[in-house]
Amino acid sequence: MTKEERLQKQRARLVEMKVREAELHEEGYELVAGVDEVGRGPLAGPVLAAAVVLPDDFDVLGVDDSKKLSEKRRDALYDEILSRAVGVGIGMADQSVIDDINILQATKAAMRNALADLANNMGRSPDYILFDAMVIDDVDIRQESIIKGDAKCLAIAAASIVAKVTRDRMMVEYAGTYPGYAFEKNKGYGTREHYAGIAEHGICPIHRKSFLKNLKSDNHG
């Protein structure tokens, strides 16, 4: 594939991913927020959500589901999104919240926190919310759940990138505070090196005790 062919494919992908937001803008919804989370599966660290409102003329190529992108590409797109977005909000729920109310409810709490942060940063709430396969009943804003939304909707994809980069950087910082678990590499996920760290050092303050209890019952720890 030539460079020009690659660019044409990326332009077509951008148009495709803006379809739902364009429809909502035509219906009169000015500020359409995409919301996504990262960190539901790790043994340590918070679950973190981002809410992003993009301008109508957002034309940065390559925005997609964060899981499909390299770290270098995510970092570059993160900077572009933050510089071009109408608004960005970040919310999280830490390990104590996860252990207390379970990961699903903690994820919803992180998303609510992200929306509150977005509203604070913009000076108003969004008019419509696009979630990636999630419904939050107690948010009094029109919302829509899109299955695999981070691969179909530009605002959700942007939120997935912001959430992923933000959480990854947090886990790198935690690696300096709690060495021995390779958080800078595994970001809290249950790798062999992470399990070896737990076996040697025990759990640290950011570990999710409820996750480790469940894993031990499955003979993983």
# chains A, B, ... in the order shown; residues from 1 in each chain; ligands from 1

call {"tool": "closest_atom_pairs", "arguments": {"of": "segment 62-103 of chain A", "to": "segment 163-173 of chain A", "cutoff": "7 Å", "atoms": "only C-alpha atoms", "output": "CSV"}}
result
residue,atom,partner,partner_atom,distance
A:Ser66,CA,A:Lys164,CA,6.9
A:Arg74,CA,A:Val165,CA,6.9
A:Asp75,CA,A:Val165,CA,6.7

call {"tool": "write_last_selection", "arguments": {"atoms": "N, CA and C atoms", "output": "PDB file, in the first residue's frame"}}
result
ATOM      1  N   SER A  66      -8.175   2.436  21.057  1.00  0.00           N
ATOM      2  CA  SER A  66      -6.810   2.546  21.584  1.00  0.00           C
ATOM      3  C   SER A  66      -6.067   1.213  21.571  1.00  0.00           C
ATOM      4  N   ARG A  74      -0.553   6.242  20.092  1.00  0.00           N
ATOM      5  CA  ARG A  74      -1.504   6.730  21.104  1.00  0.00           C
ATOM      6  C   ARG A  74      -1.033   8.032  21.721  1.00  0.00           C
ATOM      7  N   ASP A  75       0.251   8.105  22.057  1.00  0.00           N
ATOM      8  CA  ASP A  75       0.796   9.310  22.685  1.00  0.00           C
ATOM      9  C   ASP A  75       0.655  10.520  21.763  1.00  0.00           C
TER      10      ASP A  75
END

call {"tool": "select_by_dssp", "arguments": {"residues": "segment 66-209 of chain A", "states": "strand (DSSP E or B)", "output": "ChimeraX atom specification"}}
result
/A:87-93,128-132,142-146,207

call {"tool": "residues_around", "arguments": {"residues": "Gly123 of chain A", "least_positions_apart": "5", "cutoff": "10 Å", "atoms": "only C-alpha atoms", "output": "ChimeraX atom specification"}}
result
/A:87,117-118

call {"tool": "closest_residue", "arguments": {"among": "A:Met122, A:Leu14, A:Val63, A:Ile206", "to": "Ala33 of chain A", "atoms": "only C-alpha atoms"}}
result
A:Met122

call {"tool": "residues_around", "arguments": {"residues": "Met111 of chain A", "least_positions_apart": "6", "cutoff": "9 Å", "atoms": "only C-alpha atoms", "output": "list in words"}}
result
Val35, Asp36, Glu37, Leu48, Ala49, Ala50, Ala51, Ile90, Gly91, Met92 and Ile136 of chain A

call {"tool": "closest_residue", "arguments": {"among": "A:Leu24, A:Ala199, A:Phe58, A:Gly45", "to": "Glu184 of chain A", "atoms": "only C-alpha atoms"}}
result
A:Gly45

call {"tool": "atom_distance", "arguments": {"atom1": "atom CA of Tyr181 of chain A", "atom2": "atom CA of Glu193 of chain A"}}
result
6.8 Å

call {"tool": "closest_residue", "arguments": {"among": "A:Leu69, A:Ala159, A:Val88, A:Ile203", "to": "Asn121 of chain A", "atoms": "only C-alpha atoms"}}
result
A:Val88

call {"tool": "atom_distance", "arguments": {"atom1": "atom CA of Lys185 of chain A", "atom2": "atom CA of Asn113 of chain A"}}
result
26.9 Å

call {"tool": "residues_around", "arguments": {"residues": "segment 26-30 of chain A", "least_positions_apart": "3", "cutoff": "7 Å", "atoms": "only C-alpha atoms", "output": "PyMOL selection string"}}
result
chain A and resi 22-23+127-128

call {"tool": "select_by_dssp", "arguments": {"residues": "segment 70-220 of chain A", "states": "alpha helix (DSSP H)", "output": "PyMOL selection string"}}
result
chain A and resi 71-84+95-101+103-122+154-177+183-186+192-201+209-217

call {"tool": "write_last_selection", "arguments": {"atoms": "C-alpha atoms", "output": "mmCIF file, in the first residue's frame"}}
result
data_model
loop_
_atom_site.group_PDB
_atom_site.id
_atom_site.type_symbol
_atom_site.label_atom_id
_atom_site.label_comp_id
_atom_site.auth_asym_id
_atom_site.auth_seq_id
_atom_site.Cartn_x
_atom_site.Cartn_y
_atom_site.Cartn_z
ATOM 1 C CA GLU A 71 1.990 3.310 22.376
ATOM 2 C CA LYS A 72 3.859 5.843 20.226
ATOM 3 C CA ARG A 73 0.787 6.463 18.067
ATOM 4 C CA ARG A 74 -1.504 6.730 21.104
ATOM 5 C CA ASP A 75 0.796 9.310 22.685
ATOM 6 C CA ALA A 76 0.833 11.426 19.524
ATOM 7 C CA LEU A 77 -2.953 11.255 19.122
ATOM 8 C CA TYR A 78 -3.446 12.021 22.823
ATOM 9 C CA ASP A 79 -1.642 15.341 22.349
ATOM 10 C CA GLU A 80 -3.687 16.125 19.222
ATOM 11 C CA ILE A 81 -6.979 15.294 20.935
ATOM 12 C CA LEU A 82 -6.224 17.408 24.000
ATOM 13 C CA SER A 83 -5.195 20.383 21.859
ATOM 14 C CA ARG A 84 -8.212 20.194 19.529
ATOM 15 C CA GLN A 95 -8.867 0.004 44.207
ATOM 16 C CA SER A 96 -10.731 0.696 47.454
ATOM 17 C CA VAL A 97 -13.867 1.693 45.550
ATOM 18 C CA ILE A 98 -13.540 -1.342 43.264
ATOM 19 C CA ASP A 99 -13.222 -3.657 46.283
ATOM 20 C CA ASP A 100 -16.174 -1.968 47.980
ATOM 21 C CA ILE A 101 -18.792 -1.795 45.214
ATOM 22 C CA ILE A 103 -15.756 -3.376 39.178
ATOM 23 C CA LEU A 104 -18.925 -2.743 37.146
ATOM 24 C CA GLN A 105 -20.287 -0.178 39.600
ATOM 25 C CA ALA A 106 -16.806 1.339 39.988
ATOM 26 C CA THR A 107 -16.586 1.683 36.197
ATOM 27 C CA LYS A 108 -19.895 3.517 36.128
ATOM 28 C CA ALA A 109 -18.695 5.750 38.970
ATOM 29 C CA ALA A 110 -15.522 6.569 37.000
ATOM 30 C CA MET A 111 -17.648 7.475 33.977
ATOM 31 C CA ARG A 112 -19.900 9.714 36.058
ATOM 32 C CA ASN A 113 -16.793 11.394 37.468
ATOM 33 C CA ALA A 114 -15.422 11.904 33.957
ATOM 34 C CA LEU A 115 -18.675 13.526 32.843
ATOM 35 C CA ALA A 116 -18.678 15.803 35.889
ATOM 36 C CA ASP A 117 -15.079 16.813 35.138
ATOM 37 C CA LEU A 118 -15.993 17.435 31.486
ATOM 38 C CA ALA A 119 -18.927 19.653 32.476
ATOM 39 C CA ASN A 120 -16.716 21.572 34.884
ATOM 40 C CA ASN A 121 -14.033 22.100 32.230
ATOM 41 C CA MET A 122 -16.538 23.213 29.546
ATOM 42 C CA LEU A 154 -14.847 9.014 16.727
ATOM 43 C CA ALA A 155 -15.624 10.629 20.092
ATOM 44 C CA ILE A 156 -15.599 7.267 21.891
ATOM 45 C CA ALA A 157 -12.341 6.300 20.164
ATOM 46 C CA ALA A 158 -10.820 9.618 21.266
ATOM 47 C CA ALA A 159 -11.990 8.954 24.819
ATOM 48 C CA SER A 160 -10.455 5.468 24.712
ATOM 49 C CA ILE A 161 -7.085 6.972 23.741
ATOM 50 C CA VAL A 162 -7.201 9.666 26.424
ATOM 51 C CA ALA A 163 -8.191 7.124 29.076
ATOM 52 C CA LYS A 164 -5.540 4.601 28.046
ATOM 53 C CA VAL A 165 -2.660 7.087 27.920
ATOM 54 C CA THR A 166 -3.689 8.731 31.194
ATOM 55 C CA ARG A 167 -3.925 5.431 33.076
ATOM 56 C CA ASP A 168 -0.741 3.991 31.567
ATOM 57 C CA ARG A 169 1.210 7.053 32.705
ATOM 58 C CA MET A 170 -0.251 6.740 36.188
ATOM 59 C CA MET A 171 0.869 3.120 36.384
ATOM 60 C CA VAL A 172 4.397 4.068 35.300
ATOM 61 C CA GLU A 173 4.471 6.545 38.190
ATOM 62 C CA TYR A 174 3.166 3.873 40.556
ATOM 63 C CA ALA A 175 6.051 1.627 39.454
ATOM 64 C CA GLY A 176 8.430 4.118 41.067
ATOM 65 C CA THR A 177 6.437 4.151 44.308
ATOM 66 C CA PHE A 183 3.767 -1.871 36.754
ATOM 67 C CA GLU A 184 5.660 0.170 34.152
ATOM 68 C CA LYS A 185 5.344 -2.802 31.792
ATOM 69 C CA ASN A 186 2.117 -4.601 32.724
ATOM 70 C CA ARG A 192 3.889 -13.693 35.087
ATOM 71 C CA GLU A 193 6.270 -10.960 36.254
ATOM 72 C CA HIS A 194 3.471 -9.305 38.215
ATOM 73 C CA TYR A 195 2.513 -12.566 39.942
ATOM 74 C CA ALA A 196 6.188 -13.150 40.767
ATOM 75 C CA GLY A 197 6.295 -9.711 42.380
ATOM 76 C CA ILE A 198 3.255 -10.511 44.500
ATOM 77 C CA ALA A 199 4.804 -13.816 45.553
ATOM 78 C CA GLU A 200 8.012 -12.047 46.600
ATOM 79 C CA HIS A 201 6.701 -8.789 48.067
ATOM 80 C CA LYS A 209 -7.908 -7.375 47.069
ATOM 81 C CA SER A 210 -11.206 -8.620 45.653
ATOM 82 C CA PHE A 211 -9.493 -9.527 42.370
ATOM 83 C CA LEU A 212 -6.666 -11.359 44.064
ATOM 84 C CA LYS A 213 -9.081 -13.312 46.235
ATOM 85 C CA ASN A 214 -10.982 -14.477 43.161
ATOM 86 C CA LEU A 215 -7.805 -15.365 41.317
ATOM 87 C CA LYS A 216 -6.455 -17.376 44.229
ATOM 88 C CA SER A 217 -9.608 -19.454 44.184
#

call {"tool": "residues_around", "arguments": {"residues": "Ala133 of chain A", "least_positions_apart": "2", "cutoff": "7 Å", "atoms": "only C-alpha atoms", "output": "ChimeraX atom specification"}}
result
/A:131,145-149

call {"tool": "closest_residue", "arguments": {"among": "A:Leu61, A:Met1, A:Ala93, A:Val15", "to": "Arg40 of chain A", "atoms": "only C-alpha atoms"}}
result
A:Ala93

call {"tool": "closest_residue", "arguments": {"among": "A:Cys204, A:Asp59, A:Leu130, A:Asp94", "to": "Lys152 of chain A", "atoms": "only C-alpha atoms"}}
result
A:Leu130

call {"tool": "atom_distance", "arguments": {"atom1": "atom CA of Asp57 of chain A", "atom2": "atom CA of Lys18 of chain A"}}
result
10.1 Å
